[in-house]
Amino acid sequence: MPMSAALQQRLSPRLGDIAEQFGTPFHLYDEAGIRATGMRLRQAFAGAEGFREFFAVKALPNPSVLAIMHDLGFGFDCSSVPELVLSRRVGAGGDDIMFTSNNTAPEEFAAAAADGGAILNLDDVTLIDKVPAFPERICFRYNPGPRRTGNSIIGHPEEAKYGVSHEQVVGAYRRARERGARRFGLHTMVCSNELHGEYMVETVRMLLGVVTEVGEALGIAFEFVNMGGGLGIPYRPGETALDLESMGAEICALLDDFRAQFGSVPRLCMESGRFMTGPHGVLVTRAINHKHIYREYVGVDACMSSLMRPGMYGAYHHLTVLGKENAPADTLVDVVGSLCENNDKFAVQRALPRIEEGDLLLIHDTGAHGHAMGFTYNGRLRPQELLLREDGSVELIRRAETLEDHFATLNFAPQVMAGT
Ligand SMILES: *Cc1c(COP(=O)(O)O)cnc(C)c1O
């Protein structure tokens with residue numbers, strides 16, 4: 001599928017004008033597509049009573065997009081104080097926020113408890129005694145270790161820094177209960193960009209197994225299980241998309257079986273980021289240079305400050321050239337930014353149509369972990385973000401970074417500690 005075909009169709013006739021009006025580069029997100037995916041997700045889990053998606057804020061932390069998620073009835077998965085602040089600014093509070101951090105600092109516990117609170121999801125047993133005012137409701141992040149083989153991005157859970165080990169899990173809930181917890185949830189996040197629904201079904205089966213084990217050991221009932229995010233999208237043409245509907249049906253059947261056996265079942269939560277917004281974003285950048293040395297290079301006006309995934313993970317992002325969608329892909333090129341860093345490449349040895357200076361390139365599927373991951377190394381600033389509204393209007397939802405933004409941290413009151 002790379003990037004919804006519908007978006008590409010709606011965008012193609014207008015992209016030249018949009019680039020003219022706003023300048024390049026920019027990420028553009030598609031409200032209609034995000035809403036359609038949100039409705040599809042809700043529909044796929046309609047059979048799981050109380051199901052809720054907590055959008056993973058780190059995937060696309062723009063308030064205008066978060067407002068759409070809030071409107072869809074979704075909560076937010078936050079892992080830092082700024083993410084908490086953003087979520088609260090669009091009206092989320094208390095039950096709408098799941099705070100999952102790793103290597104958590106005291107200020108983060110304080111921020112999670114303030115301003116209406118959040119559902120606290122603890123990453124380690126040693127944190128139980130570091131939470132200042134222990135909440136009545138608590139969740140733990142579970143790491144199955146060798147009980148699950150990893151998927152390709154996260155790798156083996158055994159090597160991942162997250163969560164409570166299987167051996168620790170009963171003790172964690174026991175200690176939480178000693179500290180006053182009375183309501184319980186269980187969370188895990190064992191995969192990333194997983195295209196096989198069966199892997200997610202196994203994850204829910206695993207969670208229900210742990211719920212049973214802990215429940216029997218301590219005589220507690222669980223209010224919810226959170227299967228994490230990690231639902232994949234097809235970045236490459238020809239890749240088979242995740243079968244959301246059959247995955248949802250199988251998971252709902254698991255929950256029904258559990259209810260039949262035990263009389264009740266925990267509510268199901270999920271915290272998808274990529275699946276919700278990934279295919280509904282595109283990075284638009286203009287070709288500004290062309291060079292030929294040992295290889296053929298096309299230089300564009302965006303760089304890793306806009307999109308890190310190719311450089312950081314060797315991730316594939318499909319790339320098309322406006323107006324040349326059907327032209328023969330007969331030149332092998334590297335598409336590069338201007339960073340003094342040789343992994344600043346959006347495509348490596350990719351067969352593309354012949355690109356002229358001034359051409360607009362569409363880097364597909366940048367709606368998740370795109371702009372948010374961009375960094376300003378080398379003084380390369382982050383680009384603007386645009387939102388294509390359902391009514392066809394295009395709205396600036398974040399301006400490009402300026403030199404003043406970049407130098408803002410050099411504005412401070414002088415402070416010197418005297419030498420001895
Ligand atoms: C990153 C993250 C997610 C979202 O992952 P996606 O692959 O975007 O679905 C969800 N939960 C936690 C705890 C995360 O760290």
# chains A, B, ... in the order shown; residues from 1 in each chain; ligands from 1
$ closest_atom_pairs --of "chain A" --to "ligand 1" --cutoff "7 Å" --atoms "only C-alpha atoms and all ligand atoms" --output "JSON lines"
{"residue": "A:Ala56", "atom": "CA", "partner": "ligand 1", "partner_atom_place_in_ligand_line": "4 (C)", "distance": 4.9}
{"residue": "A:Lys58", "atom": "CA", "partner": "ligand 1", "partner_atom_place_in_ligand_line": "1 (C)", "distance": 6.5}
{"residue": "A:Ala59", "atom": "CA", "partner": "ligand 1", "partner_atom_place_in_ligand_line": "8 (O)", "distance": 5.6}
{"residue": "A:Asp77", "atom": "CA", "partner": "ligand 1", "partner_atom_place_in_ligand_line": "11 (N)", "distance": 6.5}
{"residue": "A:Thr100", "atom": "CA", "partner": "ligand 1", "partner_atom_place_in_ligand_line": "13 (C)", "distance": 5.9}
{"residue": "A:Met189", "atom": "CA", "partner": "ligand 1", "partner_atom_place_in_ligand_line": "13 (C)", "distance": 6.1}
{"residue": "A:Ser192", "atom": "CA", "partner": "ligand 1", "partner_atom_place_in_ligand_line": "7 (O)", "distance": 4.6}
{"residue": "A:Asn193", "atom": "CA", "partner": "ligand 1", "partner_atom_place_in_ligand_line": "7 (O)", "distance": 5.5}
{"residue": "A:Gly228", "atom": "CA", "partner": "ligand 1", "partner_atom_place_in_ligand_line": "11 (N)", "distance": 5.0}
{"residue": "A:Gly229", "atom": "CA", "partner": "ligand 1", "partner_atom_place_in_ligand_line": "9 (O)", "distance": 3.6}
{"residue": "A:Gly230", "atom": "CA", "partner": "ligand 1", "partner_atom_place_in_ligand_line": "7 (O)", "distance": 3.6}
{"residue": "A:Leu231", "atom": "CA", "partner": "ligand 1", "partner_atom_place_in_ligand_line": "9 (O)", "distance": 5.4}
{"residue": "A:Gly232", "atom": "CA", "partner": "ligand 1", "partner_atom_place_in_ligand_line": "7 (O)", "distance": 6.9}
{"residue": "A:Glu271", "atom": "CA", "partner": "ligand 1", "partner_atom_place_in_ligand_line": "10 (C)", "distance": 4.8}
{"residue": "A:Ser272", "atom": "CA", "partner": "ligand 1", "partner_atom_place_in_ligand_line": "9 (O)", "distance": 3.7}
{"residue": "A:Gly273", "atom": "CA", "partner": "ligand 1", "partner_atom_place_in_ligand_line": "8 (O)", "distance": 3.4}
{"residue": "A:Arg274", "atom": "CA", "partner": "ligand 1", "partner_atom_place_in_ligand_line": "8 (O)", "distance": 3.7}
{"residue": "A:Phe275", "atom": "CA", "partner": "ligand 1", "partner_atom_place_in_ligand_line": "9 (O)", "distance": 6.0}
{"residue": "A:Ala368", "atom": "CA", "partner": "ligand 1", "partner_atom_place_in_ligand_line": "8 (O)", "distance": 6.6}
$ residues_around --residues "Leu360 (chain A)" --least-positions-apart "6" --cutoff "6 Å" --atoms "only C-alpha atoms" --output "PyMOL selection string"
chain A and resi 285-286+321-322
$ atom_distance --atom1 "CA of Met373 (chain A)" --atom2 "CA of Ser165 (chain A)"
28.9 Å
$ residues_around --residues "Glu356 (chain A)" --least-positions-apart "4" --cutoff "12 Å" --atoms "only C-alpha atoms" --output "VMD selection string"
chain A and resid 286 to 291 297 to 300 321 to 324 331 352 360 to 361
$ write_last_selection --atoms "all heavy atoms" --output "compact mmCIF listing (two decimals), in the first residue's frame"
# COMPACT_ATOMS: atom_id res chain seq x y z
N ARG A 286 12.22 19.10 -2.07
CA ARG A 286 12.54 19.46 -3.45
C ARG A 286 13.98 19.06 -3.79
O ARG A 286 14.87 19.20 -2.95
CB ARG A 286 12.37 20.98 -3.63
CG ARG A 286 12.08 21.39 -5.05
CD ARG A 286 11.89 22.90 -5.16
NE ARG A 286 10.57 23.40 -4.80
CZ ARG A 286 9.48 23.33 -5.59
NH1 ARG A 286 9.54 22.72 -6.75
NH2 ARG A 286 8.34 23.85 -5.19
N ALA A 287 14.16 18.57 -5.00
CA ALA A 287 15.52 18.25 -5.48
C ALA A 287 16.24 19.55 -5.76
O ALA A 287 15.73 20.41 -6.47
CB ALA A 287 15.44 17.40 -6.74
N ILE A 288 17.42 19.73 -5.14
CA ILE A 288 18.15 20.98 -5.35
C ILE A 288 19.52 20.78 -6.00
O ILE A 288 20.11 21.73 -6.51
CB ILE A 288 18.32 21.78 -4.02
CG1 ILE A 288 18.98 20.93 -2.93
CG2 ILE A 288 16.96 22.29 -3.53
CD1 ILE A 288 19.37 21.74 -1.69
N ASN A 289 20.03 19.56 -5.96
CA ASN A 289 21.33 19.31 -6.57
C ASN A 289 21.37 17.90 -7.15
O ASN A 289 20.60 17.03 -6.77
CB ASN A 289 22.46 19.44 -5.54
CG ASN A 289 22.74 20.88 -5.15
OD1 ASN A 289 23.09 21.70 -6.00
ND2 ASN A 289 22.56 21.20 -3.87
N HIS A 290 22.34 17.74 -8.03
CA HIS A 290 22.50 16.46 -8.67
C HIS A 290 24.00 16.27 -8.84
O HIS A 290 24.65 17.18 -9.33
CB HIS A 290 21.82 16.55 -10.05
CG HIS A 290 21.54 15.21 -10.63
ND1 HIS A 290 21.60 14.94 -11.96
CD2 HIS A 290 21.22 14.03 -10.05
CE1 HIS A 290 21.32 13.67 -12.17
NE2 HIS A 290 21.09 13.10 -11.02
N LYS A 291 24.56 15.19 -8.37
CA LYS A 291 25.99 15.02 -8.60
C LYS A 291 26.33 13.60 -8.99
O LYS A 291 25.63 12.65 -8.62
CB LYS A 291 26.81 15.50 -7.40
CG LYS A 291 26.92 14.55 -6.24
CD LYS A 291 27.76 15.18 -5.12
CE LYS A 291 29.15 14.55 -5.03
NZ LYS A 291 29.92 15.11 -3.89
N TYR A 297 24.02 10.91 -7.24
CA TYR A 297 23.36 11.46 -6.05
C TYR A 297 22.33 12.50 -6.43
O TYR A 297 22.60 13.36 -7.28
CB TYR A 297 24.37 12.11 -5.10
CG TYR A 297 25.30 11.12 -4.47
CD1 TYR A 297 26.53 10.82 -5.05
CD2 TYR A 297 24.94 10.45 -3.30
CE1 TYR A 297 27.38 9.88 -4.49
CE2 TYR A 297 25.79 9.51 -2.74
CZ TYR A 297 27.01 9.23 -3.33
OH TYR A 297 27.84 8.30 -2.77
N VAL A 298 21.17 12.44 -5.76
CA VAL A 298 20.20 13.52 -5.85
C VAL A 298 20.16 14.18 -4.48
O VAL A 298 19.88 13.51 -3.47
CB VAL A 298 18.79 12.99 -6.23
CG1 VAL A 298 17.75 14.10 -6.11
CG2 VAL A 298 18.81 12.42 -7.65
N GLY A 299 20.46 15.47 -4.42
CA GLY A 299 20.41 16.20 -3.15
C GLY A 299 19.07 16.90 -3.01
O GLY A 299 18.60 17.53 -3.96
N VAL A 300 18.45 16.76 -1.84
CA VAL A 300 17.14 17.39 -1.62
C VAL A 300 17.22 18.40 -0.48
O VAL A 300 18.23 18.46 0.24
CB VAL A 300 16.06 16.32 -1.30
CG1 VAL A 300 15.85 15.40 -2.50
CG2 VAL A 300 16.42 15.52 -0.06
N VAL A 321 8.22 10.62 -7.31
CA VAL A 321 8.52 11.96 -7.80
C VAL A 321 7.24 12.52 -8.42
O VAL A 321 6.63 11.85 -9.27
CB VAL A 321 9.65 11.91 -8.85
CG1 VAL A 321 10.05 13.33 -9.27
CG2 VAL A 321 10.86 11.15 -8.31
N LEU A 322 6.83 13.70 -7.97
CA LEU A 322 5.56 14.26 -8.44
C LEU A 322 5.57 14.40 -9.96
O LEU A 322 6.51 14.97 -10.54
CB LEU A 322 5.30 15.63 -7.80
CG LEU A 322 3.95 16.25 -8.16
CD1 LEU A 322 2.80 15.47 -7.52
CD2 LEU A 322 3.88 17.72 -7.72
N GLY A 323 4.53 13.88 -10.60
CA GLY A 323 4.39 13.97 -12.06
C GLY A 323 5.15 12.88 -12.79
O GLY A 323 5.05 12.76 -14.00
N LYS A 324 5.96 12.08 -12.05
CA LYS A 324 6.73 11.02 -12.71
C LYS A 324 6.39 9.66 -12.11
O LYS A 324 7.22 8.75 -12.13
CB LYS A 324 8.24 11.31 -12.57
CG LYS A 324 8.65 12.63 -13.23
CD LYS A 324 10.14 12.90 -13.17
CE LYS A 324 10.46 14.21 -13.91
NZ LYS A 324 11.88 14.60 -13.77
N THR A 331 17.05 5.03 -13.28
CA THR A 331 18.33 5.51 -12.76
C THR A 331 18.50 5.06 -11.32
O THR A 331 17.58 5.15 -10.51
CB THR A 331 18.45 7.05 -12.82
OG1 THR A 331 17.14 7.61 -12.78
CG2 THR A 331 19.18 7.52 -14.05
N LEU A 352 14.96 4.98 -9.58
CA LEU A 352 13.95 6.04 -9.63
C LEU A 352 13.90 6.63 -11.05
O LEU A 352 14.85 6.48 -11.81
CB LEU A 352 14.31 7.15 -8.63
CG LEU A 352 14.21 6.81 -7.14
CD1 LEU A 352 14.78 7.94 -6.30
CD2 LEU A 352 12.76 6.52 -6.74
N LEU A 360 9.60 17.76 -7.15
CA LEU A 360 9.14 17.49 -5.78
C LEU A 360 9.16 15.99 -5.53
O LEU A 360 8.58 15.22 -6.30
CB LEU A 360 7.72 18.04 -5.58
CG LEU A 360 7.59 19.56 -5.46
CD1 LEU A 360 6.12 19.95 -5.39
CD2 LEU A 360 8.35 20.09 -4.24
N LEU A 361 9.84 15.61 -4.45
CA LEU A 361 9.90 14.19 -4.06
C LEU A 361 8.96 13.95 -2.89
O LEU A 361 8.92 14.76 -1.96
CB LEU A 361 11.33 13.80 -3.66
CG LEU A 361 12.28 13.44 -4.81
CD1 LEU A 361 12.56 14.65 -5.68
CD2 LEU A 361 13.57 12.88 -4.25
$ residues_around --residues "Tyr199 (chain A)" --least-positions-apart "2" --cutoff "10 Å" --atoms "only C-alpha atoms" --output "ChimeraX atom specification"
/A:148,150-151,190-191,194-197,201-205,231,247
$ write_last_selection --atoms "C-alpha atoms" --output "PDB file, in the first residue's frame"
ATOM      1  CA  ARG A 148       8.853 -14.852  23.480  1.00  0.00           C
ATOM      2  CA  GLY A 150      11.419 -11.089  19.388  1.00  0.00           C
ATOM      3  CA  ASN A 151      10.204  -9.503  16.270  1.00  0.00           C
ATOM      4  CA  VAL A 190       7.067  -6.874  22.700  1.00  0.00           C
ATOM      5  CA  CYS A 191       7.174  -5.947  19.056  1.00  0.00           C
ATOM      6  CA  GLU A 194       4.776  -6.286  13.215  1.00  0.00           C
ATOM      7  CA  LEU A 195       2.760  -7.233  10.139  1.00  0.00           C
ATOM      8  CA  HIS A 196       1.647 -10.640  11.415  1.00  0.00           C
ATOM      9  CA  GLY A 197      -1.593 -10.408  13.371  1.00  0.00           C
ATOM     10  CA  VAL A 201      -2.867 -12.538  19.234  1.00  0.00           C
ATOM     11  CA  GLU A 202      -0.091 -14.467  21.003  1.00  0.00           C
ATOM     12  CA  THR A 203       0.736 -11.326  22.978  1.00  0.00           C
ATOM     13  CA  VAL A 204      -2.809 -11.102  24.324  1.00  0.00           C
ATOM     14  CA  ARG A 205      -2.767 -14.825  25.083  1.00  0.00           C
ATOM     15  CA  LEU A 231       1.158  -2.935  14.806  1.00  0.00           C
ATOM     16  CA  MET A 247      -6.520 -10.142  14.290  1.00  0.00           C
TER      17      MET A 247
END
$ select_by_dssp --residues "region 101-181 of chain A" --states "strand (DSSP E or B)" --output "PyMOL selection string"
chain A and resi 118-122+137-142+151+155+164
$ residues_around --residues "Ile34 (chain A)" --least-positions-apart "2" --cutoff "10 Å" --atoms "only C-alpha atoms" --output "list in words"
Tyr29, Asp30, Glu31, Ala32, Ala36, Thr37, Gly38, Met39, Arg40, Val65, Ile68, Met69, Leu72, Phe275, Met276, Thr277, Gly278, Pro279, His280, Gly281 and Gly367 of chain A
$ atom_distance --atom1 "CA of Gln9 (chain A)" --atom2 "CA of Asp359 (chain A)"
17.9 Å
$ residues_around --residues "region 90-96 of chain A" --least-positions-apart "6" --cutoff "7 Å" --atoms "only C-alpha atoms" --output "ChimeraX atom specification"
/A:63,66-67,75-76,116-119
$ write_last_selection --atoms "N, CA, C and O atoms" --output "mmCIF file, in the first residue's frame"
data_model
loop_
_atom_site.group_PDB
_atom_site.id
_atom_site.type_symbol
_atom_site.label_atom_id
_atom_site.label_comp_id
_atom_site.auth_asym_id
_atom_site.auth_seq_id
_atom_site.Cartn_x
_atom_site.Cartn_y
_atom_site.Cartn_z
ATOM 1 N N PRO A 63 -0.172 18.898 18.553
ATOM 2 C CA PRO A 63 -1.464 19.112 19.218
ATOM 3 C C PRO A 63 -2.663 18.964 18.280
ATOM 4 O O PRO A 63 -3.708 18.466 18.685
ATOM 5 N N LEU A 66 -3.207 15.323 17.944
ATOM 6 C CA LEU A 66 -3.680 14.766 19.218
ATOM 7 C C LEU A 66 -5.148 15.125 19.448
ATOM 8 O O LEU A 66 -5.921 14.333 19.990
ATOM 9 N N ALA A 67 -5.555 16.319 18.983
ATOM 10 C CA ALA A 67 -6.963 16.726 19.132
ATOM 11 C C ALA A 67 -7.871 15.785 18.332
ATOM 12 O O ALA A 67 -8.979 15.466 18.769
ATOM 13 N N GLY A 75 -7.318 7.605 24.218
ATOM 14 C CA GLY A 75 -6.477 8.166 25.256
ATOM 15 C C GLY A 75 -5.062 8.338 24.699
ATOM 16 O O GLY A 75 -4.836 8.236 23.485
ATOM 17 N N PHE A 76 -4.105 8.596 25.603
ATOM 18 C CA PHE A 76 -2.733 8.848 25.174
ATOM 19 C C PHE A 76 -1.737 8.036 25.976
ATOM 20 O O PHE A 76 -1.841 7.935 27.201
ATOM 21 N N GLY A 116 -4.638 16.171 37.440
ATOM 22 C CA GLY A 116 -5.641 15.172 37.053
ATOM 23 C C GLY A 116 -5.106 13.765 36.962
ATOM 24 O O GLY A 116 -5.862 12.829 36.767
ATOM 25 N N GLY A 117 -3.786 13.624 37.092
ATOM 26 C CA GLY A 117 -3.198 12.297 37.189
ATOM 27 C C GLY A 117 -3.116 11.549 35.877
ATOM 28 O O GLY A 117 -3.321 12.092 34.799
ATOM 29 N N ALA A 118 -2.774 10.280 35.998
ATOM 30 C CA ALA A 118 -2.597 9.400 34.841
ATOM 31 C C ALA A 118 -2.583 7.978 35.383
ATOM 32 O O ALA A 118 -2.409 7.770 36.586
ATOM 33 N N ILE A 119 -2.769 7.011 34.505
ATOM 34 C CA ILE A 119 -2.611 5.621 34.912
ATOM 35 C C ILE A 119 -1.106 5.341 34.902
ATOM 36 O O ILE A 119 -0.453 5.492 33.866
#
$ residues_around --residues "Ala172 (chain A)" --least-positions-apart "2" --cutoff "10 Å" --atoms "only C-alpha atoms" --output "number ranges by chain"
A: 122, 124-128, 139-140, 164-165, 167-170, 174-178, 214
$ closest_residue --among "A:Ala133, A:Leu283, A:Leu84, A:Ala217" --to "Arg179 (chain A)" --atoms "only C-alpha atoms"
A:Ala133
$ select_by_dssp --residues "region 2-215 of chain A" --states "helix (DSSP H, G or I)" --output "NGL selection string"
:A and (5-22 or 31-44 or 57-59 or 63-71 or 81-89 or 106-113 or 125-130 or 145-147 or 157-159 or 166-178 or 197-215)
$ closest_residue --among "A:Gly311, A:Val336, A:Arg236, A:Gly209" --to "Arg147 (chain A)" --atoms "only C-alpha atoms"
A:Gly209
$ closest_residue --among "A:Asp257, A:Asp17, A:Glu159, A:Glu53" --to "Asn226 (chain A)" --atoms "only C-alpha atoms"
A:Glu53
$ atom_distance --atom1 "CA of Phe55 (chain A)" --atom2 "CA of Gly238 (chain A)"
27.1 Å
$ closest_residue --among "A:Met304, A:Tyr142, A:Ile251, A:Ile233" --to "Met200 (chain A)" --atoms "only C-alpha atoms"
A:Ile251
$ closest_residue --among "A:Pro13, A:Pro266, A:Pro383, A:Gly171" --to "Ala302 (chain A)" --atoms "only C-alpha atoms"
A:Pro383
